[in-house]
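Undergrad: Provided below: coords_19.pdb, containing PDB, C-alpha atoms, pLDDT in the B column.
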ATOM      1  CA  MET A 206       4.523  26.118  -9.524  1.00 48.00           C
ATOM      2  CA  PRO A 207       3.298  22.531  -8.929  1.00 60.00           C
ATOM      3  CA  GLN A 208       5.628  20.181  -7.141  1.00 69.00           C
ATOM      4  CA  GLU A 209       6.904  17.268  -9.251  1.00 74.00           C
ATOM      5  CA  ILE A 210       6.452  13.868  -7.676  1.00 83.00           C
ATOM      6  CA  SER A 211       8.583  10.962  -8.858  1.00 89.00           C
ATOM      7  CA  VAL A 212       6.616   7.898  -9.846  1.00 93.00           C
ATOM      8  CA  SER A 213       9.592   5.579 -10.237  1.00 96.00           C
ATOM      9  CA  TYR A 214       9.348   2.174  -8.600  1.00 96.00           C
ATOM     10  CA  GLN A 215      12.130   3.105  -6.155  1.00 97.00           C
ATOM     11  CA  ALA A 216      10.507   6.425  -5.184  1.00 96.00           C
ATOM     12  CA  ILE A 217       7.160   4.767  -4.522  1.00 96.00           C
ATOM     13  CA  LYS A 218       8.783   1.936  -2.573  1.00 97.00           C
ATOM     14  CA  SER A 219      10.646   4.488  -0.436  1.00 97.00           C
ATOM     15  CA  LYS A 220       7.427   6.413   0.235  1.00 96.00           C
ATOM     16  CA  VAL A 221       5.570   3.256   1.254  1.00 96.00           C
ATOM     17  CA  TYR A 222       8.389   2.054   3.509  1.00 96.00           C
ATOM     18  CA  ARG A 223       8.710   5.465   5.180  1.00 97.00           C
ATOM     19  CA  LEU A 224       4.977   5.453   5.920  1.00 96.00           C
ATOM     20  CA  ILE A 225       5.114   1.888   7.250  1.00 95.00           C
ATOM     21  CA  ASP A 226       8.075   2.791   9.452  1.00 96.00           C
ATOM     22  CA  ALA A 227       6.279   5.872  10.789  1.00 96.00           C
ATOM     23  CA  LEU A 228       3.302   3.685  11.693  1.00 94.00           C
ATOM     24  CA  VAL A 229       5.457   0.970  13.289  1.00 94.00           C
ATOM     25  CA  VAL A 230       7.430   3.372  15.493  1.00 96.00           C
ATOM     26  CA  GLY A 231       4.295   5.286  16.447  1.00 96.00           C
ATOM     27  CA  GLU A 232       5.061   8.572  14.721  1.00 97.00           C
ATOM     28  CA  LYS A 233       1.815   8.326  12.742  1.00 96.00           C
ATOM     29  CA  SER A 234      -1.532   6.676  13.272  1.00 96.00           C
ATOM     30  CA  GLU A 235      -3.318   4.671  10.591  1.00 95.00           C
ATOM     31  CA  ALA A 236      -5.520   7.685   9.848  1.00 96.00           C
ATOM     32  CA  GLU A 237      -2.453   9.903   9.448  1.00 97.00           C
ATOM     33  CA  VAL A 238      -0.862   7.382   7.076  1.00 96.00           C
ATOM     34  CA  GLN A 239      -4.057   7.311   5.021  1.00 96.00           C
ATOM     35  CA  GLU A 240      -4.120  11.109   4.899  1.00 97.00           C
ATOM     36  CA  SER A 241      -0.473  11.152   3.814  1.00 97.00           C
ATOM     37  CA  VAL A 242      -1.299   8.780   0.970  1.00 95.00           C
ATOM     38  CA  ARG A 243      -4.243  10.982  -0.075  1.00 96.00           C
ATOM     39  CA  ARG A 244      -2.076  14.105  -0.117  1.00 96.00           C
ATOM     40  CA  TRP A 245       0.742  12.305  -1.944  1.00 95.00           C
ATOM     41  CA  TRP A 246      -1.676  10.909  -4.544  1.00 95.00           C
ATOM     42  CA  SER A 247      -3.176  14.336  -5.191  1.00 94.00           C
ATOM     43  CA  LEU A 248       0.315  15.681  -5.994  1.00 94.00           C
ATOM     44  CA  ILE A 249       0.879  13.080  -8.718  1.00 95.00           C
ATOM     45  CA  HIS A 250       0.063  14.366 -12.182  1.00 94.00           C
ATOM     46  CA  PRO A 251      -3.037  12.608 -13.581  1.00 94.00           C
ATOM     47  CA  ALA A 252      -1.050  11.377 -16.596  1.00 94.00           C
ATOM     48  CA  ASP A 253       1.433   9.678 -14.245  1.00 95.00           C
ATOM     49  CA  ARG A 254      -1.174   8.003 -12.046  1.00 95.00           C
ATOM     50  CA  PRO A 255      -1.538   4.734 -14.012  1.00 95.00           C
ATOM     51  CA  ILE A 256       2.159   3.910 -13.643  1.00 96.00           C
ATOM     52  CA  ALA A 257       2.186   5.149 -10.038  1.00 96.00           C
ATOM     53  CA  GLN A 258      -0.786   2.900  -9.319  1.00 96.00           C
ATOM     54  CA  LYS A 259       0.943  -0.067 -10.944  1.00 96.00           C
ATOM     55  CA  TYR A 260       4.098   0.422  -8.885  1.00 96.00           C
ATOM     56  CA  LEU A 261       2.167   1.127  -5.688  1.00 96.00           C
ATOM     57  CA  LEU A 262       0.169  -2.075  -6.030  1.00 95.00           C
ATOM     58  CA  MET A 263       3.367  -4.023  -6.758  1.00 95.00           C
ATOM     59  CA  VAL A 264       5.064  -2.645  -3.637  1.00 96.00           C
ATOM     60  CA  LEU A 265       2.013  -3.240  -1.448  1.00 95.00           C
ATOM     61  CA  GLY A 266       1.572  -6.782  -2.763  1.00 94.00           C
ATOM     62  CA  ARG A 267       5.215  -7.695  -2.246  1.00 94.00           C
ATOM     63  CA  SER A 268       5.279  -6.095   1.193  1.00 93.00           C
ATOM     64  CA  ASN A 269       2.159  -7.991   2.186  1.00 92.00           C
ATOM     65  CA  SER A 270       3.680 -11.266   0.961  1.00 92.00           C
ATOM     66  CA  ALA A 271       6.843 -10.598   2.942  1.00 92.00           C
ATOM     67  CA  LEU A 272       4.862  -9.882   6.115  1.00 90.00           C
ATOM     68  CA  ASP A 273       2.802 -13.046   5.639  1.00 91.00           C
ATOM     69  CA  ALA A 274       5.962 -15.117   5.125  1.00 91.00           C
ATOM     70  CA  MET A 275       7.595 -13.682   8.254  1.00 92.00           C
ATOM     71  CA  GLY A 276       4.473 -14.235  10.345  1.00 90.00           C
ATOM     72  CA  THR A 277       4.108 -17.803   9.138  1.00 90.00           C
ATOM     73  CA  GLU A 278       7.773 -18.575   9.819  1.00 90.00           C
ATOM     74  CA  LEU A 279       7.607 -17.006  13.277  1.00 88.00           C
ATOM     75  CA  LEU A 280       4.677 -19.235  14.175  1.00 86.00           C
ATOM     76  CA  SER A 281       6.473 -22.325  12.880  1.00 86.00           C
ATOM     77  CA  VAL A 282       9.769 -21.669  14.717  1.00 85.00           C
ATOM     78  CA  SER A 283       8.129 -20.556  17.959  1.00 79.00           C
ATOM     79  CA  GLY A 284       6.403 -23.907  18.295  1.00 75.00           C
ATOM     80  CA  CYS A 285       2.992 -22.323  18.560  1.00 66.00           C
ATOM     81  CA  GLU A 286       0.338 -24.957  18.178  1.00 55.00           C
ATOM     82  CA  THR A 287      -2.462 -22.432  17.951  1.00 52.00           C
ATOM     83  CA  VAL A 288      -4.933 -22.961  15.185  1.00 49.00           C
ATOM     84  CA  GLN A 289      -4.296 -20.480  12.420  1.00 52.00           C
ATOM     85  CA  PRO A 290      -7.333 -19.189  10.558  1.00 53.00           C
ATOM     86  CA  ARG A 291      -5.957 -20.379   7.208  1.00 52.00           C
ATOM     87  CA  MET A 292      -9.290 -20.093   5.439  1.00 46.00           C
ATOM     88  CA  THR A 293      -9.814 -16.390   6.122  1.00 47.00           C
ATOM     89  CA  GLU A 294      -6.226 -15.139   6.359  1.00 49.00           C
ATOM     90  CA  PRO A 295      -5.345 -15.363   2.639  1.00 51.00           C
ATOM     91  CA  LEU A 296      -8.640 -13.713   1.722  1.00 48.00           C
ATOM     92  CA  LEU A 297      -7.987 -10.568   3.749  1.00 54.00           C
ATOM     93  CA  PRO A 298      -4.932  -9.353   1.785  1.00 57.00           C
ATOM     94  CA  THR A 299      -6.734 -10.127  -1.480  1.00 64.00           C
ATOM     95  CA  LYS A 300      -9.808  -8.186  -0.393  1.00 63.00           C
ATOM     96  CA  ARG A 301      -7.595  -5.372   0.864  1.00 64.00           C
ATOM     97  CA  MET A 302      -5.704  -5.218  -2.436  1.00 63.00           C
ATOM     98  CA  ARG A 303      -8.966  -5.195  -4.404  1.00 65.00           C
ATOM     99  CA  LEU A 304     -10.182  -2.328  -2.251  1.00 63.00           C
ATOM    100  CA  VAL A 305      -6.939  -0.410  -2.871  1.00 63.00           C
ATOM    101  CA  GLU A 306      -7.190  -1.069  -6.614  1.00 64.00           C
ATOM    102  CA  ARG A 307     -10.834   0.045  -6.704  1.00 66.00           C
ATOM    103  CA  THR A 308     -10.066   3.177  -4.681  1.00 62.00           C
ATOM    104  CA  MET A 309      -7.167   4.080  -6.944  1.00 60.00           C
ATOM    105  CA  LYS A 310      -9.323   3.584 -10.050  1.00 63.00           C
ATOM    106  CA  GLU A 311     -12.160   5.666  -8.594  1.00 64.00           C
ATOM    107  CA  ASN A 312      -9.762   8.451  -7.632  1.00 59.00           C
ATOM    108  CA  SER A 313      -8.131   8.504 -11.039  1.00 56.00           C
ATOM    109  CA  VAL A 314     -11.533   8.640 -12.742  1.00 53.00           C
ATOM    110  CA  ARG A 315     -12.752  11.440 -10.472  1.00 53.00           C
ATOM    111  CA  THR A 316      -9.723  13.622 -11.050  1.00 50.00           C
ATOM    112  CA  ALA A 317      -9.806  13.094 -14.815  1.00 50.00           C
ATOM    113  CA  ILE A 318     -13.321  14.527 -15.139  1.00 44.00           C
TER     114      ILE A 318
END
Let me see whether you can do it: turn the structure in this file into structure tokens.
TA:
Amino acid sequence: MPQEISVSYQAIKSKVYRLIDALVVGEKSEAEVQESVRRWWSLIHPADRPIAQKYLLMVLGRSNSALDAMGTELLSVSGCETVQPRMTEPLLPTKRMRLVERTMKENSVRTAI
């Protein structure tokens, strides 16, 4: 019997945060986190994938914004006068998010065939 995977916003947020925590504390490598996401995605029913993708992208976007805000504030309060690569920094999360969106779309198309 197939395992049911919750695609609620809270369930997806919890999954993402658990994976981030595992990476931060060194329990998993980046490759292991990616493999976990692949396995998790394959367990989601194809009919539920559009909403799961929507929530996943929301969580990733908000998490990325929070990390950017914390990093920016840390630099401002620490008195660092280092030159920040402002021109390229905002582009990286956008490119990363586009890559995630494209990957999710490609995976959902492949599994639907």
Undergrad: List the neighbours of Tyr260 (chain A) out to 10 Å using all atoms listed in the file; skip same-chain residues closer than 5 positions along the sequence, and give me the result as a list in words.
TA: Val212, Ser213, Tyr214, Gln215, Ala216, Ile217, Lys218, Arg254, Pro255, Leu265 and Gly266 of chain A
Undergrad: Give the answer as one residue: which of A:Arg223, A:Lys233, A:His250, A:Arg244 has the shortest atom-to-atom distance to Ile210 (chain A), using all atoms listed in the file?
TA: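 Looking only at the distances to Ile210 (chain A), the closest residue turns out to be A:His250.
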Undergrad: State, in Å with one decimal place, the distance from CA of Gln258 (chain A) to CA of Ser270 (chain A).
TA: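 That distance, rounded to one decimal, is 18.1 Å.
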Undergrad: Looking at only C-alpha atoms, which of A:Ser283, A:Val221, A:Ala252, A:Ser211 is the one that sits closest to Val238 (chain A)?
TA: A:Val221
Undergrad: Tell me, in Å to one decimal, how far CA of Leu272 (chain A) is from CA of Ile256 (chain A).
TA: 24.2 Å
Undergrad: How many Å lie between CA of Leu224 (chain A) and CA of Val242 (chain A), rounded to one decimal?
TA: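 For CA of Leu224 (chain A) relative to CA of Val242 (chain A), the distance reads 8.7 Å.
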Undergrad: Point out the residue among A:Gly284, A:Ser241, A:Ala274, A:Met263 with the least atom-to-atom distance to Lys220 (chain A), counting only C-alpha atoms.
TA: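 Under the stated criterion, the closest residue is A:Ser241.
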Undergrad: Could I see region 221-243 of chain A restored to N, CA, C and O atoms, set down as an mmCIF file, keeping the file's coordinate frame?
TA:
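Printed below is selection-v3.cif as written:
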data_model
loop_
_atom_site.group_PDB
_atom_site.id
_atom_site.type_symbol
_atom_site.label_atom_id
_atom_site.label_comp_id
_atom_site.auth_asym_id
_atom_site.auth_seq_id
_atom_site.Cartn_x
_atom_site.Cartn_y
_atom_site.Cartn_z
ATOM 1 N N VAL A 221 6.338 4.267 0.529
ATOM 2 C CA VAL A 221 5.570 3.256 1.254
ATOM 3 C C VAL A 221 6.324 2.816 2.502
ATOM 4 O O VAL A 221 5.758 2.758 3.595
ATOM 5 N N TYR A 222 7.612 2.524 2.368
ATOM 6 C CA TYR A 222 8.389 2.054 3.509
ATOM 7 C C TYR A 222 8.526 3.123 4.589
ATOM 8 O O TYR A 222 8.516 2.817 5.779
ATOM 9 N N ARG A 223 8.649 4.385 4.191
ATOM 10 C CA ARG A 223 8.710 5.465 5.180
ATOM 11 C C ARG A 223 7.391 5.556 5.961
ATOM 12 O O ARG A 223 7.391 5.747 7.180
ATOM 13 N N LEU A 224 6.275 5.398 5.249
ATOM 14 C CA LEU A 224 4.977 5.453 5.920
ATOM 15 C C LEU A 224 4.785 4.251 6.848
ATOM 16 O O LEU A 224 4.272 4.398 7.960
ATOM 17 N N ILE A 225 5.209 3.075 6.404
ATOM 18 C CA ILE A 225 5.114 1.888 7.250
ATOM 19 C C ILE A 225 5.970 2.079 8.500
ATOM 20 O O ILE A 225 5.527 1.801 9.620
ATOM 21 N N ASP A 226 7.173 2.569 8.320
ATOM 22 C CA ASP A 226 8.075 2.791 9.452
ATOM 23 C C ASP A 226 7.476 3.796 10.431
ATOM 24 O O ASP A 226 7.526 3.592 11.648
ATOM 25 N N ALA A 227 6.897 4.864 9.917
ATOM 26 C CA ALA A 227 6.279 5.872 10.789
ATOM 27 C C ALA A 227 5.131 5.263 11.592
ATOM 28 O O ALA A 227 4.942 5.598 12.772
ATOM 29 N N LEU A 228 4.395 4.356 10.987
ATOM 30 C CA LEU A 228 3.302 3.685 11.693
ATOM 31 C C LEU A 228 3.857 2.715 12.737
ATOM 32 O O LEU A 228 3.390 2.690 13.881
ATOM 33 N N VAL A 229 4.879 1.962 12.374
ATOM 34 C CA VAL A 229 5.457 0.970 13.289
ATOM 35 C C VAL A 229 6.059 1.630 14.522
ATOM 36 O O VAL A 229 5.861 1.154 15.645
ATOM 37 N N VAL A 230 6.788 2.723 14.341
ATOM 38 C CA VAL A 230 7.430 3.372 15.493
ATOM 39 C C VAL A 230 6.488 4.311 16.245
ATOM 40 O O VAL A 230 6.862 4.862 17.272
ATOM 41 N N GLY A 231 5.286 4.487 15.744
ATOM 42 C CA GLY A 231 4.295 5.286 16.447
ATOM 43 C C GLY A 231 4.313 6.768 16.138
ATOM 44 O O GLY A 231 3.672 7.551 16.826
ATOM 45 N N GLU A 232 5.049 7.158 15.098
ATOM 46 C CA GLU A 232 5.061 8.572 14.721
ATOM 47 C C GLU A 232 3.755 8.998 14.057
ATOM 48 O O GLU A 232 3.385 10.165 14.111
ATOM 49 N N LYS A 233 3.087 8.040 13.412
ATOM 50 C CA LYS A 233 1.815 8.326 12.742
ATOM 51 C C LYS A 233 0.815 7.240 13.082
ATOM 52 O O LYS A 233 1.179 6.085 13.307
ATOM 53 N N SER A 234 -0.446 7.637 13.092
ATOM 54 C CA SER A 234 -1.532 6.676 13.272
ATOM 55 C C SER A 234 -1.959 6.170 11.891
ATOM 56 O O SER A 234 -1.511 6.702 10.865
ATOM 57 N N GLU A 235 -2.826 5.168 11.875
ATOM 58 C CA GLU A 235 -3.318 4.671 10.591
ATOM 59 C C GLU A 235 -4.031 5.775 9.812
ATOM 60 O O GLU A 235 -3.852 5.895 8.601
ATOM 61 N N ALA A 236 -4.811 6.588 10.508
ATOM 62 C CA ALA A 236 -5.520 7.685 9.848
ATOM 63 C C ALA A 236 -4.542 8.698 9.248
ATOM 64 O O ALA A 236 -4.763 9.212 8.145
ATOM 65 N N GLU A 237 -3.454 8.962 9.959
ATOM 66 C CA GLU A 237 -2.453 9.903 9.448
ATOM 67 C C GLU A 237 -1.725 9.330 8.228
ATOM 68 O O GLU A 237 -1.411 10.063 7.284
ATOM 69 N N VAL A 238 -1.478 8.029 8.242
ATOM 70 C CA VAL A 238 -0.862 7.382 7.076
ATOM 71 C C VAL A 238 -1.800 7.478 5.878
ATOM 72 O O VAL A 238 -1.390 7.814 4.772
ATOM 73 N N GLN A 239 -3.081 7.217 6.108
ATOM 74 C CA GLN A 239 -4.057 7.311 5.021
ATOM 75 C C GLN A 239 -4.122 8.732 4.467
ATOM 76 O O GLN A 239 -4.186 8.931 3.248
ATOM 77 N N GLU A 240 -4.095 9.713 5.345
ATOM 78 C CA GLU A 240 -4.120 11.109 4.899
ATOM 79 C C GLU A 240 -2.854 11.447 4.117
ATOM 80 O O GLU A 240 -2.907 12.163 3.108
ATOM 81 N N SER A 241 -1.722 10.931 4.549
ATOM 82 C CA SER A 241 -0.473 11.152 3.814
ATOM 83 C C SER A 241 -0.563 10.578 2.407
ATOM 84 O O SER A 241 -0.110 11.206 1.444
ATOM 85 N N VAL A 242 -1.141 9.394 2.293
ATOM 86 C CA VAL A 242 -1.299 8.780 0.970
ATOM 87 C C VAL A 242 -2.237 9.624 0.115
ATOM 88 O O VAL A 242 -1.961 9.850 -1.068
ATOM 89 N N ARG A 243 -3.317 10.122 0.686
ATOM 90 C CA ARG A 243 -4.243 10.982 -0.075
ATOM 91 C C ARG A 243 -3.543 12.244 -0.586
ATOM 92 O O ARG A 243 -3.685 12.617 -1.750
#
